Structures are given as C-alpha cells and as structure tokens.
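All remarks here apply to the structure that follows.
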Amino acid sequence: MRAADTVLAVNNDLPIRTRQAVHSGKVRSVYWLTDEDSARLIQEHNYPVLPDAPLAIMVISDRLSAFDCVWHAEGGMAGVPGKGAALNAIASHWFNLFREQGLADSHILDIPHPFVWIVQKARPVMIEAICRQYITGSMWRAYSAGEREFCGITLPDGLRKDQRLPELLMTPSTKGILTGIAGVPEADDVNISRQDIVNNYAAFNFRSTDDVSHYEKLLREGFDVISNALASLDQIFVDTKFEFGYVTDQNGAEKLIYMDEVGTPDSSRIWDGPAYREGRIVEQSKEAFRQFLLQHFPDPDILLNKTRMPERIALARDNALPLDAMMQVSDTYVGMAEKITGGNIRLPDNPRAEIIDVLSSRYGLVA
C-alpha cells in the first residue's frame with residue numbers, strides 16, 4: 001500500500017448522522033449529532049453532561065496547512081502520514097494532564113478512534129490565547145524593526161533573536177471578526193491588550209471580568225505544565241496558542257474549559273534543547289515546514305504578504321511539493337507524539353474505513 005493511500009485528506013464526507021451541515025476547518029471537521037443521538041450516547045456512555053447536551057463527532061484529517069493554505073506533494077500525497085493521529089494523541093495527553101493536575105477540563109468526552117473525538121458543545125471565548133516564552137518569529141521581526149509594545153506590554157531594548165524573554169508573555173488576538181468594539185479593528189486575528197478584553201469582556205464571550213483573570217491563570221498554568229513536561233524530554237516550549245470556552249456539567253454548573261487543541265506541533269513552536277544550547281535552532285513543529293516553504297519558492301513574499309493571498313492560494317494549488325517534505329513533517333509529528341505520550345502511535349492503513357466501522361458498531365451513528 002502506498003503511503004498516500006493511508007492519508008485521510010478528506011474528512012467532511014463521512015456517513016455520520018447529523019442535524020446540520022458539517023463544519024470543515026483547515027484540519028478538523030465537526031459533525032453535530034441529532035438531539036436523539038446525543039441523548040442516547042450520554043445515557044449509554046454515562047458522559048458527565050446534562051441529559052440534553054449537544055454532542056459532536058470531531059474528525060481530524062492529515063491535511064497540512066501553512067500560511068493559510070493546504071499543501072500537497074508528489075505521488076498523490078494530499079496530507080502527512082500519521083499527522084492526524086499524532087496531533088490527537090498529543091492534545092489528548094495534555095488535556096488529561098491538565099485534568100489530573102486540577103487545572104480545568106476539556107471539551108473531549110470520549111476517544112473512539114485515533115482520528116476521532118466525541119465532544120460536547122462549548123461556547124467559545126473569542127480569543128486566540130497566545131503565550132510566548134522566547135522572542136522569535138513574527139514578534140522578533142516586529143521588535144527588530146523597532147516595535148516595543150505588544151498587546152499592551154512594553155518590551156525592553158537590547159533583546160536578542162531567539163532569547164528567552166524576561167517573563168512569559170500573553171499576547172492575545174481576536175478569534176474571528178468581532179464588530180462594535182472600540183479600538184479593535186473588525187478583522188480576524190487582530191492583536192488586543194488585556195485592557196481591551198476587560199473593557200469589553202462580554203463581547204469576547206466572557207461571563208465576567210473575574211473570568212478574564214481565570215483564563216489568564218489557566219493559560220499560564222497550562223503553559224507551565226507543558227513546558228515542564230517537555231523540559232524533562234530536553235525540548236523547549238517556545239510559544240503556543242490556547243483556546244477556551246464554556247460548558248455546562250451534569251449538575252448544571254457552567255465552567256471555563258480548554259478546547260480545540262493544546263501543545264501540538266501545529267499550534268506551538270518547540271525547539272530541540274541540545275541544539276539550542278549549541279546555538280542552533282532545530283524546529284520540532286510545523287515551523288520547520290514553514291521555513292522549508294520560504295526557502296523552496298523563489299518569492300517568499302507571497303507567503304508572508306497578506307495582500308498577495310490570491311497568488312498564495314494558486315501557489316499551494318498548482319505546486320506539488322517534494323515527497324520528502326511531507327515525510328519529514330510526518331517523522332517530526334509522530335516522533336514528538338511518541339516522546340510526549342511515551343507510547344507508539346498507531347497509523348491505520350485505512351483510517352476512513354476504521355472510523356466508519358467504529359462509529360457504526362459501537363456508537364450507532366452511521367446513517
């Protein structure tokens with residue numbers, strides 16, 4: 001079997017019984033279950049939610065997104081072998097660790113398959129909660145150009161590229177396009193300050209200003225849990241993105257939880273510790289693939305300049321990358337997943353058939 005045949009590139013056409021259109025993102029697709037199926041699964045599997053809580057099947061893919069485009073390679077390779085299973089395994093590991101250490105729950109209720117989560121519906125906080133422990137990437141580019149204020153935080157002069165920052169920085173941005181907030185442009189992924197959030201907490205879907213402080217506490221604690229665990233593997237947690245939301249538990253209590261994914265090579269930058277001590281940066285995340293793309297194409301400005309998005313889309317659509325580029329990403333993701341979880345990552349030969357089988361036989365969800 002070719003490696004390309006083991007990749008799950010299309011994940012929004014599974015015969016799962018749903019109550020509305022499938023929501024398909026860059027990596028995951030979400031199938032909202034019917035009210036009847038949600039209630040049945042809650043009862044059959046004793047999920048800790050209200051009896052009428054809406055549930056969804058979240059299916060990850062092996063697609064590889066970078067610079068807001070999905071990339072493919074030679075030989076019909078439409079994704080990265082093992083990527084989906086690796087990301088789910090890593091995120092699930094961190095979510096479990098957060099719960100065990102008393103931080104907060106996640107939206108995951110069940111894991112029927114390496115590519116699948118059963119989740120409860122959350123009311124998302126409209127913030128991309130970004131933490132930075134080192135100055136690199138876009139922050140370094142802005143800093144080296146003279147910028148000193150980031151999301152209301154002023155950095156001192158004299159910082160060096162890739163050095164550890166004096167303290168962990170929280171540099172949030174908007175999730176989606178928010179309207180009617182003074183001082184916040186109506187565009188996706190706009191940097192905001194803590195004061196912006198506190199002044200407009202309801203617009204960001206927080207229930208109170210106290211919850212703004214609680215989200216910051218969970219953000220810092222979650223970062224520290226992952227950073228410490230990676231340090232024990234001699235890996236450096238450089239920066240990452242968290243997302244939060246509200247759910248209601250089986251007692252009717254509303255609580256703030258972690259959601260989406262955390263601490264993965266897709267949502268974080270991770271460096272190899274020994275290489276860093278030698279003065280080298282060895283990326284253990286998607287950043288290595290991003291750097292490959294910038295070097296692979298003769299005009300990297302297409303990838304960096306948001307005003308050239310049509311050209312960028314055409315670049316990704318019309319260019320099959322070298323197969324080695326995808327396989328290097330596979331090695332990085334699967335290798336990191338096995339380091340973090342301490343176990344082997346099973347790579348299904350036919351993930352689509354397996355997903356359909358388990359959702360049919362164990363959950364009765366196939367239409």
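The chains in the structure tokens are called A, B, ... from first to last as shown; in each chain the residues are counted from 1, and the ligands are counted from 1 in the order shown.
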Env of region 307-319 of chain A: 10 Å cut, atoms = only C-alpha atoms, seq-sep filter 4 positions within chain, self excluded. Answer as a PyMOL selection string. chain A and resi 65-74+297+300-303
Please report, as a PyMOL selection string, each residue of region 98-247 of chain A to which DSSP assigns alpha helix (DSSP H) when run on this structure's backbone. chain A and resi 98-100+137-144+194-199+209-231
Among the residues A:Ser227, A:Asn251, A:Glu221, A:Val125, the one that comes closest to Arg207 (chain A) [using only C-alpha atoms]: A:Val125
In Å, with one decimal, what is the gap from CA of Arg123 (chain A) to CA of Glu254 (chain A)? 10.3 Å
At what distance in Å, to one decimal, does CA of Glu36 (chain A) lie from CA of Asn96 (chain A)?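 These atoms are spaced 28.4 Å apart.
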Please measure the separation of CA of Arg17 (chain A) and CA of Val366 (chain A), giving the value in Å to one decimal.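 Taking CA of Arg17 (chain A) as the start and CA of Val366 (chain A) as the end point, the length is 5.7 Å.
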Would you kindly return, as a CSV table (one decimal) with all heavy atoms, in the first residue's frame, each protein, DNA or RNA residue with an atom no farther than 12 Å from any atom of Leu323 (chain A), considering only C-alpha atoms and excluding same-chain residues fewer than 6 positions away?
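File produced: out06.csv:
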```
chain,number,residue,atom,x,y,z
A,3,ALA,N,2.0,5.0,0.8
A,3,ALA,CA,1.8,5.9,1.9
A,3,ALA,C,0.7,6.9,1.7
A,3,ALA,O,-0.1,7.2,2.6
A,3,ALA,CB,3.1,6.7,2.2
A,4,ALA,N,0.5,7.3,0.4
A,4,ALA,CA,-0.5,8.3,0.1
A,4,ALA,C,-1.9,7.7,0.4
A,4,ALA,O,-2.9,8.4,0.7
A,4,ALA,CB,-0.4,8.7,-1.4
A,71,TRP,N,-1.5,22.2,1.6
A,71,TRP,CA,-0.4,21.8,0.7
A,71,TRP,C,-0.5,20.3,0.3
A,71,TRP,O,-1.0,19.5,1.1
A,71,TRP,CB,1.0,22.2,1.3
A,71,TRP,CG,1.1,23.6,1.6
A,71,TRP,CD1,0.7,24.3,2.7
A,71,TRP,CD2,1.6,24.7,0.7
A,71,TRP,NE1,0.9,25.6,2.6
A,71,TRP,CE2,1.4,25.9,1.4
A,71,TRP,CE3,2.1,24.7,-0.6
A,71,TRP,CZ2,1.8,27.1,0.9
A,71,TRP,CZ3,2.5,25.9,-1.1
A,71,TRP,CH2,2.4,27.1,-0.4
A,72,HIS,N,0.1,20.0,-0.8
A,72,HIS,CA,0.1,18.6,-1.2
A,72,HIS,C,1.5,18.3,-1.9
A,72,HIS,O,2.3,19.2,-2.1
A,72,HIS,CB,-1.0,18.3,-2.3
A,72,HIS,CG,-0.8,19.0,-3.6
A,72,HIS,ND1,-1.1,20.4,-3.7
A,72,HIS,CD2,-0.4,18.6,-4.8
A,72,HIS,CE1,-0.9,20.7,-5.0
A,72,HIS,NE2,-0.4,19.7,-5.6
A,73,ALA,N,1.8,17.0,-2.1
A,73,ALA,CA,3.1,16.6,-2.6
A,73,ALA,C,2.9,15.7,-3.8
A,73,ALA,O,1.8,15.2,-4.1
A,73,ALA,CB,3.9,15.9,-1.4
A,74,GLU,N,4.1,15.3,-4.3
A,74,GLU,CA,4.1,14.4,-5.4
A,74,GLU,C,3.5,13.0,-5.1
A,74,GLU,O,3.5,12.7,-3.9
A,74,GLU,CB,5.6,14.2,-5.9
A,74,GLU,CG,6.3,15.5,-6.3
A,74,GLU,CD,7.8,15.4,-6.3
A,74,GLU,OE1,8.3,14.5,-5.6
A,74,GLU,OE2,8.4,16.2,-7.0
A,75,GLY,N,3.1,12.3,-6.1
A,75,GLY,CA,2.6,11.0,-5.9
A,75,GLY,C,1.2,10.9,-5.3
A,75,GLY,O,0.9,9.9,-4.7
A,76,GLY,N,0.5,12.0,-5.4
A,76,GLY,CA,-0.9,12.0,-4.9
A,76,GLY,C,-1.0,12.1,-3.4
A,76,GLY,O,-2.0,11.9,-2.8
A,77,MET,N,0.1,12.6,-2.7
A,77,MET,CA,0.1,12.8,-1.3
A,77,MET,C,-0.6,14.0,-0.9
A,77,MET,O,-0.1,15.1,-1.1
A,77,MET,CB,1.6,12.8,-0.8
A,77,MET,CG,1.7,12.8,0.7
A,77,MET,SD,1.2,11.3,1.5
A,77,MET,CE,2.7,10.3,1.2
A,78,ALA,N,-1.8,13.9,-0.4
A,78,ALA,CA,-2.6,15.0,-0.1
A,78,ALA,C,-2.6,15.4,1.4
A,78,ALA,O,-3.4,16.2,1.9
A,78,ALA,CB,-4.1,14.8,-0.5
A,79,GLY,N,-1.7,14.8,2.1
A,79,GLY,CA,-1.5,15.1,3.5
A,79,GLY,C,-0.3,14.4,4.1
A,79,GLY,O,0.5,14.0,3.3
A,80,VAL,N,-0.2,14.4,5.4
A,80,VAL,CA,1.0,13.9,6.1
A,80,VAL,C,0.7,12.6,6.8
A,80,VAL,O,-0.2,12.6,7.7
A,80,VAL,CB,1.6,14.9,7.1
A,80,VAL,CG1,2.7,14.3,7.9
A,80,VAL,CG2,2.0,16.2,6.3
A,81,PRO,N,1.3,11.5,6.4
A,81,PRO,CA,1.0,10.2,7.1
A,81,PRO,C,1.3,10.3,8.6
A,81,PRO,O,2.3,10.8,9.1
A,81,PRO,CB,2.0,9.2,6.5
A,81,PRO,CG,2.3,9.8,5.1
A,81,PRO,CD,2.3,11.3,5.3
A,329,VAL,N,7.8,16.1,7.8
A,329,VAL,CA,6.8,16.5,8.7
A,329,VAL,C,6.2,15.3,9.5
A,329,VAL,O,6.0,15.3,10.7
A,329,VAL,CB,5.7,17.3,8.0
A,329,VAL,CG1,4.6,17.6,9.0
A,329,VAL,CG2,6.2,18.5,7.4
A,330,SER,N,6.0,14.2,8.8
A,330,SER,CA,5.5,13.0,9.4
A,330,SER,C,6.4,12.5,10.5
A,330,SER,O,6.0,12.2,11.6
A,330,SER,CB,5.3,11.9,8.3
A,330,SER,OG,4.9,10.7,8.9
```
Quick one: contact table of region 94-159 of chain A to region 37-51 of chain A, 12 Å max, nearest atom pair and distance in Å to one decimal per residue, counting only C-alpha atoms, chain and number order, as CSV?
```
residue,atom,partner,partner_atom,distance
A:Asp105,CA,A:Pro48,CA,11.1
A:Ser106,CA,A:Pro48,CA,11.9
A:His107,CA,A:Val49,CA,10.6
A:Ile108,CA,A:Tyr47,CA,10.1
A:Leu109,CA,A:Tyr47,CA,6.5
A:Asp110,CA,A:Tyr47,CA,8.3
A:Ile111,CA,A:His45,CA,11.8
A:Pro112,CA,A:His45,CA,11.6
A:Ile118,CA,A:Leu41,CA,9.9
A:Val119,CA,A:Tyr47,CA,10.0
A:Gln120,CA,A:Val49,CA,8.0
A:Lys121,CA,A:Val49,CA,10.3
A:Ala122,CA,A:Val49,CA,11.6
```
A:Thr332, A:Trp94, A:Asp349, A:Leu365: which is nearest Asn228 (chain A), counting only C-alpha atoms?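 The closest residue to Asn228 (chain A) is A:Trp94.
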Can you list, as a count of residues only, every protein, DNA or RNA residue that comes within 9 Å of Thr240 (chain A) when you count only C-alpha atoms, leaving out same-chain residues fewer than 3 positions away? 13
So that each row is one residue of region 168-254 of chain A with an atom at most 12 Å from region 90-93 of chain A, can you give its shortest atom pair and the distance in Å to one decimal, using only C-alpha atoms, rows by chain and rising number, as a tab-separated table?
```
residue	atom	partner	partner_atom	distance
A:Gly222	CA	A:Ala91	CA	11.9
A:Val225	CA	A:His93	CA	11.4
A:Ile226	CA	A:His93	CA	10.0
A:Ala229	CA	A:His93	CA	11.1
A:Leu230	CA	A:Ile90	CA	11.7
A:Phe242	CA	A:Ala91	CA	11.0
```
Ser29 (chain A) environment, 10 Å, only C-alpha atoms, sequence neighbours closer than 5 positions dropped, as a ChimeraX atom specification: /A:10-14,22-24,56-61,116
For region 152-161 of chain A: contacts at 6 Å, only C-alpha atoms, fewer than 2 positions along chain excluded, given as a PyMOL selection string: chain A and resi 136+148-150+163+193
Name the residues in contact with region 166-174 of chain A at a cut-off of 9 Å, using only C-alpha atoms, excluding same-chain residues fewer than 3 positions from it; report them as JSON, numbers by chain. {"A": [126, 127, 128, 129, 130, 131, 132, 133, 134, 150, 151, 152, 153, 177, 178, 184, 187, 188, 189, 190, 191, 192, 193, 194, 204, 216, 219, 220, 241]}
If you count only C-alpha atoms, the residue of A:Arg63, A:Arg352, A:Lys26, A:His214 closest to Ile257 (chain A) turns out to be A:His214
Mind listing the strand (DSSP E or B) residues of region 157-328 of chain A, per DSSP on the backbone, as a ChimeraX atom specification? /A:164-170,173-174,191,235-249,254-259,268-272,283,321
Could you tell me which of A:Ala53, A:Leu347, A:Val30, A:His113 comes closest to Tyr363 (chain A) if we count only C-alpha atoms?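 Answer, going by the shortest atom-to-atom distance: A:His113.
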